[in-house]
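Data from start-v3.txt: compact mmCIF, C-alpha atoms and all ligand atoms
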# COMPACT_ATOMS: atom_id res chain seq x y z
CA MET A 106 0.00 0.00 0.00
CA ASN A 107 1.25 3.43 -0.81
CA PHE A 108 0.34 6.42 1.33
CA GLU A 109 3.00 8.67 -0.14
CA VAL A 110 1.36 11.90 -1.13
CA ASN A 111 4.49 13.97 -1.18
CA GLU A 112 3.08 15.88 1.72
CA ASN A 113 5.88 18.36 2.14
CA ASN A 114 5.26 19.86 -1.24
CA ILE A 115 1.75 21.11 -0.53
CA PRO A 116 1.96 24.83 -1.29
CA LEU A 117 1.06 27.62 1.10
CA GLU A 118 0.14 30.60 -1.06
CA LYS A 119 0.09 34.14 0.20
CA ILE A 120 -2.85 36.27 -0.85
CA ILE A 121 -1.81 39.66 -2.12
CA ALA A 122 -4.47 42.35 -1.70
CA SER A 123 -4.38 45.94 -0.50
CA PHE A 124 -7.25 45.48 1.98
CA LEU A 125 -5.09 42.94 3.79
CA THR A 126 -1.99 45.11 3.82
CA LYS A 127 -4.00 48.02 5.21
CA LYS A 128 -5.03 45.95 8.19
CA ASN A 129 -1.64 44.32 8.58
CA ILE A 130 -3.11 40.90 7.91
CA ASN A 131 -1.22 38.02 6.38
CA LEU A 132 -3.57 35.57 4.70
CA TYR A 133 -2.40 32.29 3.22
CA VAL A 134 -4.28 29.57 1.38
CA PHE A 135 -3.02 26.12 2.26
CA ARG A 136 -3.46 24.18 -0.97
CA ASP A 137 -4.57 20.89 0.51
CA ASP A 138 -6.60 20.47 -2.67
CA LEU A 139 -3.27 19.45 -4.20
CA ASN A 140 -2.46 16.79 -1.59
CA HIS A 141 -3.14 13.87 -3.92
CA PRO A 142 -3.13 13.63 -7.71
CA GLU A 143 -6.67 12.21 -7.99
CA ILE A 144 -8.41 12.14 -4.64
CA SER A 145 -8.40 15.76 -3.78
CA GLY A 146 -8.33 17.57 -0.51
CA ASN A 147 -9.98 16.60 2.71
CA LYS A 148 -11.70 13.55 1.21
CA TRP A 149 -8.31 11.93 0.77
CA ARG A 150 -7.36 12.75 4.37
CA LYS A 151 -10.63 11.28 5.61
CA LEU A 152 -10.36 8.09 3.60
CA LYS A 153 -6.70 7.34 4.16
CA TYR A 154 -6.90 5.50 7.51
CA ASN A 155 -10.25 3.99 6.63
CA LEU A 156 -8.70 2.35 3.58
CA GLN A 157 -5.88 1.06 5.73
CA GLU A 158 -8.34 -0.29 8.29
CA ALA A 159 -10.45 -2.00 5.62
CA LYS A 160 -7.42 -3.66 4.06
CA GLU A 161 -5.97 -4.77 7.37
CA ASN A 162 -9.24 -6.38 8.32
CA GLY A 163 -9.49 -8.30 5.10
CA PHE A 164 -12.38 -6.46 3.47
CA ASN A 165 -12.44 -6.38 -0.29
CA GLN A 166 -15.11 -3.73 -0.69
CA LEU A 167 -16.13 -0.33 0.67
CA LEU A 168 -19.68 0.93 0.91
CA THR A 169 -20.59 4.53 1.48
CA PHE A 170 -23.36 7.11 1.10
CA GLY A 171 -23.73 10.45 -0.63
CA GLY A 172 -25.60 12.81 -2.91
CA ALA A 173 -25.26 12.74 -6.69
CA PHE A 174 -22.66 15.54 -6.74
CA SER A 175 -20.76 14.35 -3.69
CA ASN A 176 -17.00 14.87 -3.59
CA HIS A 177 -16.90 12.01 -1.12
CA ILE A 178 -18.49 9.60 -3.62
CA ALA A 179 -15.99 10.65 -6.29
CA ALA A 180 -13.09 10.30 -3.87
CA THR A 181 -14.18 6.90 -2.53
CA ALA A 182 -14.44 5.47 -6.03
CA ALA A 183 -10.98 6.72 -7.00
CA ALA A 184 -9.43 5.58 -3.74
CA GLY A 185 -11.04 2.15 -4.03
CA ARG A 186 -9.62 1.68 -7.48
CA ASP A 187 -6.14 2.73 -6.35
CA PHE A 188 -6.23 0.45 -3.31
CA GLY A 189 -7.76 -2.56 -4.99
CA LEU A 190 -11.07 -2.35 -3.14
CA LYS A 191 -14.45 -2.58 -4.83
CA THR A 192 -16.74 0.35 -4.08
CA ILE A 193 -20.48 0.65 -3.64
CA GLY A 194 -22.18 4.05 -3.52
CA ILE A 195 -25.61 4.42 -1.93
CA ILE A 196 -26.89 7.53 -3.68
CA ARG A 197 -29.61 9.81 -2.33
CA GLY A 198 -32.51 10.34 -4.74
CA ASP A 199 -33.74 8.86 -7.99
CA GLU A 200 -31.49 7.26 -10.51
CA ILE A 201 -29.82 9.84 -12.72
CA LEU A 202 -29.54 9.03 -16.40
CA PRO A 203 -27.40 9.96 -18.12
CA LEU A 204 -25.02 10.06 -15.19
CA ASN A 205 -23.67 13.45 -14.16
CA GLN A 206 -19.92 14.08 -14.21
CA THR A 207 -19.35 13.05 -10.60
CA LEU A 208 -21.20 9.76 -10.92
CA GLN A 209 -19.78 9.03 -14.36
CA LEU A 210 -16.26 9.42 -13.02
CA ALA A 211 -17.12 7.24 -10.02
CA GLN A 212 -18.54 4.57 -12.32
CA ASP A 213 -15.46 4.74 -14.53
CA ASN A 214 -13.48 4.05 -11.37
CA GLY A 215 -15.54 0.94 -10.79
CA MET A 216 -18.19 2.11 -8.33
CA VAL A 217 -21.53 0.32 -8.30
CA PHE A 218 -24.58 2.40 -7.33
CA LYS A 219 -27.77 1.83 -5.44
CA TYR A 220 -30.26 4.69 -5.21
CA ILE A 221 -32.35 5.24 -2.10
CA SER A 222 -35.24 7.63 -1.69
CA ARG A 223 -34.85 11.05 -0.19
CA GLU A 224 -37.45 10.05 2.41
CA GLN A 225 -35.29 7.23 3.61
CA TYR A 226 -32.42 9.68 3.88
CA ARG A 227 -34.49 12.28 5.68
CA GLU A 228 -35.78 9.81 8.17
CA ASN A 229 -32.13 9.38 8.95
CA ASN A 230 -32.38 5.65 9.08
CA LYS A 231 -29.75 4.95 6.50
CA TYR A 232 -27.53 3.42 9.14
CA GLU A 233 -30.36 1.44 10.60
CA LYS A 234 -29.47 -2.18 11.27
CA LEU A 235 -32.12 -3.70 9.06
CA PHE A 236 -31.20 -1.51 6.16
CA ILE A 237 -27.51 -2.33 6.52
CA ALA A 238 -28.37 -6.00 6.79
CA SER A 239 -30.30 -5.81 3.53
CA LEU A 240 -27.29 -4.17 1.89
CA ARG A 241 -25.03 -6.98 3.17
CA GLU A 242 -27.45 -9.48 1.70
CA LYS A 243 -27.32 -7.77 -1.65
CA PHE A 244 -23.63 -6.93 -1.87
CA GLY A 245 -21.87 -9.26 0.58
CA GLU A 246 -19.51 -8.13 3.37
CA PHE A 247 -18.23 -4.58 3.16
CA TYR A 248 -16.38 -1.95 5.16
CA MET A 249 -18.81 0.90 5.73
CA VAL A 250 -17.74 4.54 5.55
CA PRO A 251 -20.40 7.02 6.70
CA GLU A 252 -21.78 9.79 4.50
CA GLY A 253 -19.18 12.47 3.94
CA GLY A 254 -16.58 10.04 5.29
CA SER A 255 -16.62 11.41 8.84
CA ASN A 256 -15.67 8.95 11.56
CA SER A 257 -12.81 8.73 14.07
CA LEU A 258 -10.32 7.54 11.48
CA ALA A 259 -11.31 10.46 9.26
CA VAL A 260 -10.67 12.84 12.15
CA LYS A 261 -7.29 11.20 12.62
CA GLY A 262 -6.49 11.75 8.95
CA CYS A 263 -7.43 15.42 9.23
CA THR A 264 -5.16 15.97 12.22
CA GLU A 265 -2.37 15.74 9.64
CA ILE A 266 -3.46 18.88 7.80
CA SER A 267 -1.80 21.22 10.27
CA ASN A 268 1.43 19.14 10.32
CA ASN A 269 2.03 20.33 6.81
CA ILE A 270 1.80 24.04 7.57
CA ASP A 271 5.23 25.17 8.54
CA ILE A 272 4.74 28.83 9.42
CA ASP A 273 3.40 30.26 12.64
CA TYR A 274 -0.14 31.63 12.53
CA ASP A 275 -2.99 32.86 14.73
CA VAL A 276 -6.14 31.64 12.99
CA ILE A 277 -6.97 28.69 10.76
CA CYS A 278 -10.23 28.46 8.79
CA CYS A 279 -11.94 25.68 6.92
CA ALA A 280 -15.31 24.96 5.32
CA CYS A 281 -17.60 22.48 7.08
CA GLY A 282 -20.06 19.90 5.84
CA THR A 283 -20.23 17.10 8.38
CA GLY A 284 -17.53 18.57 10.62
CA GLY A 285 -14.95 15.80 10.34
CA THR A 286 -12.30 18.03 8.84
CA ILE A 287 -12.56 20.79 11.40
CA ALA A 288 -12.60 18.19 14.18
CA GLY A 289 -9.23 16.92 12.98
CA ILE A 290 -7.81 20.42 12.79
CA ILE A 291 -9.09 21.23 16.29
CA ALA A 292 -7.65 18.02 17.70
CA SER A 293 -4.24 18.74 16.23
CA LEU A 294 -3.74 22.24 17.65
CA ASP A 295 -3.13 23.93 20.97
CA ASN A 296 -5.43 26.55 22.37
CA ASP A 297 -3.19 29.35 21.18
CA LYS A 298 -4.46 28.87 17.65
CA GLN A 299 -8.01 29.83 16.84
CA VAL A 300 -9.98 27.51 14.55
CA ILE A 301 -12.96 28.89 12.62
CA GLY A 302 -15.38 26.77 10.61
CA PHE A 303 -17.71 28.01 7.87
CA PRO A 304 -20.66 25.61 7.48
CA ALA A 305 -21.76 25.26 3.86
CA LEU A 306 -25.35 24.59 4.89
CA LYS A 307 -28.12 26.65 6.37
CA GLY A 308 -28.60 26.61 10.13
CA GLY A 309 -25.08 25.30 10.61
CA GLU A 310 -25.31 25.75 14.40
CA PHE A 311 -26.29 22.11 14.77
CA LEU A 312 -22.82 21.17 13.57
CA LYS A 313 -21.37 22.24 16.90
CA GLU A 314 -22.80 19.18 18.53
CA ASP A 315 -21.73 16.91 15.68
CA ILE A 316 -18.20 18.26 15.95
CA GLN A 317 -18.20 17.72 19.72
CA GLN A 318 -19.36 14.16 19.14
CA LEU A 319 -16.68 13.50 16.54
CA LEU A 320 -14.08 14.91 18.93
CA SER A 321 -15.18 12.79 21.85
CA ALA A 322 -15.45 9.64 19.72
CA TYR A 323 -11.98 10.34 18.40
CA SER A 324 -10.53 10.78 21.88
CA THR A 325 -12.22 7.65 23.22
CA GLU A 326 -11.58 5.34 20.29
CA LEU A 327 -8.06 6.48 19.55
CA ASN A 328 -7.22 7.29 23.13
CA TYR A 329 -6.16 10.83 22.44
CA GLU A 330 -6.82 13.77 24.69
CA VAL A 331 -8.41 16.70 22.84
CA GLU A 332 -8.10 19.87 24.87
CA ASN A 333 -8.59 22.62 22.33
CA SER A 334 -11.68 24.70 23.01
CA ASN A 335 -10.58 27.65 20.92
CA TRP A 336 -12.92 27.04 18.01
CA SER A 337 -16.13 28.49 16.64
CA LEU A 338 -18.46 28.41 13.65
CA VAL A 339 -19.51 31.29 11.42
CA THR A 340 -22.91 30.33 10.10
CA ASP A 341 -23.87 33.35 7.98
CA TYR A 342 -22.26 32.46 4.67
CA HIS A 343 -24.37 29.55 3.39
CA PHE A 344 -25.89 31.55 0.48
CA GLY A 345 -29.32 30.04 0.99
CA GLY A 346 -28.30 26.47 1.75
CA PHE A 347 -26.17 23.54 0.76
CA ALA A 348 -25.02 23.73 -2.88
CA LYS A 349 -26.98 26.97 -3.36
CA VAL A 350 -25.23 29.88 -5.00
CA LYS A 351 -25.85 33.57 -5.62
CA PRO A 352 -24.41 35.86 -8.29
CA GLU A 353 -22.10 37.56 -5.81
CA LEU A 354 -20.57 34.21 -4.88
CA ILE A 355 -19.96 33.31 -8.52
CA ASP A 356 -18.46 36.73 -9.06
CA PHE A 357 -16.20 36.30 -6.03
CA ILE A 358 -14.93 32.90 -7.20
CA ARG A 359 -14.25 34.28 -10.68
CA LYS A 360 -12.32 37.27 -9.35
CA PHE A 361 -10.40 35.15 -6.87
CA LYS A 362 -9.23 32.95 -9.71
CA GLU A 363 -8.28 35.94 -11.85
CA LYS A 364 -6.38 37.73 -9.11
CA GLN A 365 -4.89 34.88 -7.09
CA ASN A 366 -4.82 32.14 -9.69
CA ILE A 367 -6.54 29.77 -7.25
CA LEU A 368 -9.69 27.95 -8.26
CA LEU A 369 -12.27 27.55 -5.48
CA ASP A 370 -15.32 25.30 -5.48
CA PHE A 371 -18.89 26.61 -5.26
CA ILE A 372 -20.11 24.48 -2.37
CA TYR A 373 -17.42 24.86 0.27
CA THR A 374 -14.21 26.80 -0.26
CA GLY A 375 -15.81 29.63 -2.26
CA LYS A 376 -18.24 30.32 0.57
CA MET A 377 -15.54 30.14 3.22
CA LEU A 378 -13.26 32.62 1.48
CA PHE A 379 -16.15 34.92 0.66
CA GLY A 380 -17.06 34.90 4.34
CA LEU A 381 -13.51 35.42 5.48
CA TYR A 382 -13.00 38.36 3.11
CA ASP A 383 -16.27 39.88 4.28
CA MET A 384 -15.37 39.54 7.95
CA ILE A 385 -11.87 40.89 7.40
CA GLN A 386 -13.26 43.95 5.66
CA ASN A 387 -16.15 44.62 7.99
CA THR A 388 -14.82 43.75 11.44
CA ASN A 389 -11.52 44.30 13.22
CA HIS A 390 -11.44 40.76 14.52
CA PHE A 391 -8.60 39.74 12.19
CA ASP A 392 -6.49 42.89 12.26
CA ASN A 393 -2.75 42.19 12.61
CA LYS A 394 -3.27 38.44 12.43
CA VAL A 395 -1.74 35.66 10.38
CA ILE A 396 -4.56 33.58 8.93
CA ILE A 397 -4.54 30.24 7.15
CA ALA A 398 -7.48 29.29 4.94
CA VAL A 399 -7.45 25.58 4.13
CA HIS A 400 -8.39 24.75 0.55
CA THR A 401 -10.13 21.43 1.05
CA GLY A 402 -10.58 20.71 -2.66
CA GLY A 403 -13.91 19.95 -4.30
CA VAL A 404 -13.27 21.50 -7.69
CA GLN A 405 -14.16 18.19 -9.34
CA GLY A 406 -17.77 19.30 -8.92
CA ASN A 407 -17.32 22.66 -10.63
CA LYS A 408 -17.94 21.41 -14.16
CA GLY A 409 -21.34 20.03 -13.26
CA PHE A 410 -22.22 23.25 -11.49
CA GLU A 411 -21.14 25.42 -14.38
CA GLU A 412 -23.17 23.35 -16.81
CA ARG A 413 -26.23 23.48 -14.62
CA LEU A 414 -26.00 27.27 -14.17
CA ASN A 415 -24.79 27.86 -17.70
CA ILE A 416 -21.76 29.84 -16.55
CA THR A 417 -18.01 29.54 -16.87
CA ILE A 418 -15.44 30.56 -14.31
C1 LIG B 501 -16.65 17.51 1.97
C2 LIG B 501 -15.97 18.82 1.88
C3 LIG B 501 -15.90 19.70 2.99
C4 LIG B 501 -16.57 19.39 4.29
O1 LIG B 501 -15.83 18.51 5.06
P1 LIG B 501 -16.45 17.90 6.40
O2 LIG B 501 -15.35 17.07 6.93
O3 LIG B 501 -17.62 17.06 5.97
O4 LIG B 501 -16.86 19.01 7.26
C5 LIG B 501 -15.21 20.88 2.85
N1 LIG B 501 -14.64 21.21 1.68
C6 LIG B 501 -14.70 20.42 0.59
C7 LIG B 501 -14.09 20.87 -0.67
C8 LIG B 501 -15.37 19.20 0.66
O5 LIG B 501 -15.44 18.41 -0.42
Can you give me the file's structure in the form of structure tokens?
Ligand SMILES: *Cc1c(COP(=O)(O)O)cnc(C)c1O
Amino acid sequence: MNFEVNENNIPLEKIIASFLTKKNINLYVFRDDLNHPEISGNKWRKLKYNLQEAKENGFNQLLTFGGAFSNHIAATAAAGRDFGLKTIGIIRGDEILPLNQTLQLAQDNGMVFKYISREQYRENNKYEKLFIASLREKFGEFYMVPEGGSNSLAVKGCTEISNNIDIDYDVICCACGTGGTIAGIIASLDNDKQVIGFPALKGGEFLKEDIQQLLSAYSTELNYEVENSNWSLVTDYHFGGFAKVKPELIDFIRKFKEKQNILLDFIYTGKMLFGLYDMIQNTNHFDNKVIIAVHTGGVQGNKGFEERLNITI
């Protein structure tokens, strides 16, 4: 098995902008989207130890859950192919034909799909014993990775993000979906560094509890003391909800690419950086600070988005 991802070469790019200079702020984007050639960003970090665990325990297939545009589905399929594990994707909603880009790529990487109704998802019984048993009957034994990939081993993988940042800083920011990534970052840092999460979904307050749960499961299962309480969520930059966009967000992502030559995704990193820019400009909270924004990847989904909205970035 090969976990070499050439970690030390992940770039840390300084953002050059006069509004930052004026406030004596140093902002860097940590390009964790470049941490692996195919399985980009945090999804690679979250899968890494799960793949190892599956292999070590003799499983020959992985099963996981996600929406039709899910970065996690795309990443699991690619990782499975690379690691010689079959992959099964339980996809929320009706069958999509022809397949969208994300699912087509996953299928090309060998993933087999089963679609389940949105109701079944909403009722939140997708991990229910009977349902899982029926999946085992259909597909045989598998190693199960939860939706979005967030479990204790995913948190462990994400503790490695900060190991790769070799400058001193005050604040580190990341986008949040299920909270696994931020949990790993929190667990890896001392209280002197502030961690700020930007939920990509509406009403992101509920994530606080999920993050707490991920942190306590991580400390119990992996016997690791998490002491950092210096973290918070900024829930105002969801743009109407998960995977929703507004013209000003599209405009921001386009300009960011033009000026900084860094491509952001629409669902997560675009919203985080929009929010961070907005807060920097309209509050004094970040004055004189060194800030790291983690680019967690996700640009695989941009094509589908651009087609759907009939735009180009
Ligand atoms: C999935 C994803 C996230 C959210 O990660 P969580 O660990 O679920 O909070 C953030 N950014 C990108 C690009 C993602 O694909």
Show me which residues line ligand LIG 501 (chain B), defined as having an atom within 6 Å of a ligand atom where all atoms listed in the file count, and present them as a list in words.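 Using all atoms listed in the file, I find these residues within 6 Å of ligand LIG 501 (chain B): Asn176, Gly253, Ala280, Cys281, Gly282, Thr283, Gly284, Gly285, Thr286, Tyr373, Thr374, Thr401, Gly402 and Gly403 of chain A.
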Print the selection's residues with C-alpha atoms to a file, as a short mmCIF file (atom, residue, chain, number, x, y, z; two decimals), in the coordinates of the input.
data_model
loop_
_atom_site.label_atom_id
_atom_site.label_comp_id
_atom_site.auth_asym_id
_atom_site.auth_seq_id
_atom_site.Cartn_x
_atom_site.Cartn_y
_atom_site.Cartn_z
CA ASN A 176 -17.00 14.87 -3.59
CA GLY A 253 -19.18 12.47 3.94
CA ALA A 280 -15.31 24.96 5.32
CA CYS A 281 -17.60 22.48 7.08
CA GLY A 282 -20.06 19.90 5.84
CA THR A 283 -20.23 17.10 8.38
CA GLY A 284 -17.53 18.57 10.62
CA GLY A 285 -14.95 15.80 10.34
CA THR A 286 -12.30 18.03 8.84
CA TYR A 373 -17.42 24.86 0.27
CA THR A 374 -14.21 26.80 -0.26
CA THR A 401 -10.13 21.43 1.05
CA GLY A 402 -10.58 20.71 -2.66
CA GLY A 403 -13.91 19.95 -4.30
#
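Residue nearest Lys376 (chain A) within the list A:Leu312, A:Val331, A:Ile144, A:Leu306: A:Leu306 [criterion: smallest interatomic distance, all atoms listed in the file].
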Need the shell around Asp295 (chain A): protein/DNA/RNA residues with any atom at most 8 Å away, counting all atoms listed in the file. Skip same-chain ones fewer than 2 positions apart. Format as a PyMOL selection string? chain A and resi 293+297-298+332-333
Could you jot down the CA of Glu118 (chain A) to CA of Asn407 (chain A) separation for me, Å, one decimal place? 21.4 Å
Between A:Ile120, A:Lys313, A:Val217, A:Arg359, single out the one closest to Leu132 (chain A), counting only C-alpha atoms. A:Ile120
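Checking A:Gln212, A:Asn296, A:Ser257, A:Ser175 one by one against Asn335 (chain A), counting all atoms listed in the file, you find the shortest gap at A:Asn296.
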At a cut-off of 9 Å, using all atoms listed in the file, what residues contact Lys128 (chain A)? Leave out same-chain residues fewer than 5 positions from it and give the result as a PyMOL selection string. chain A and resi 123+385-386+389+391-394
Spatial neighbours of Gln365 (chain A), max dist 12 Å, all atoms listed in the file, sep filter under 4 positions, as JSON, numbers by chain: {"A": [118, 119, 120, 121, 122, 132, 133, 134, 357, 358, 359, 360, 361, 369]}
Residues near Gly254 (chain A), cut-off 9 Å, all atoms listed in the file, skip fewer than 5 positions along chain, as a PDB file with C-alpha atoms, in the coordinates of the input:
ATOM      1  CA  LYS A 148     -11.700  13.550   1.210  1.00  0.00           C
ATOM      2  CA  LYS A 151     -10.630  11.280   5.610  1.00  0.00           C
ATOM      3  CA  LEU A 152     -10.360   8.090   3.600  1.00  0.00           C
ATOM      4  CA  ASN A 155     -10.250   3.990   6.630  1.00  0.00           C
ATOM      5  CA  THR A 169     -20.590   4.530   1.480  1.00  0.00           C
ATOM      6  CA  PHE A 170     -23.360   7.110   1.100  1.00  0.00           C
ATOM      7  CA  HIS A 177     -16.900  12.010  -1.120  1.00  0.00           C
ATOM      8  CA  THR A 181     -14.180   6.900  -2.530  1.00  0.00           C
ATOM      9  CA  ALA A 259     -11.310  10.460   9.260  1.00  0.00           C
ATOM     10  CA  THR A 283     -20.230  17.100   8.380  1.00  0.00           C
ATOM     11  CA  GLY A 285     -14.950  15.800  10.340  1.00  0.00           C
TER      12      GLY A 285
END
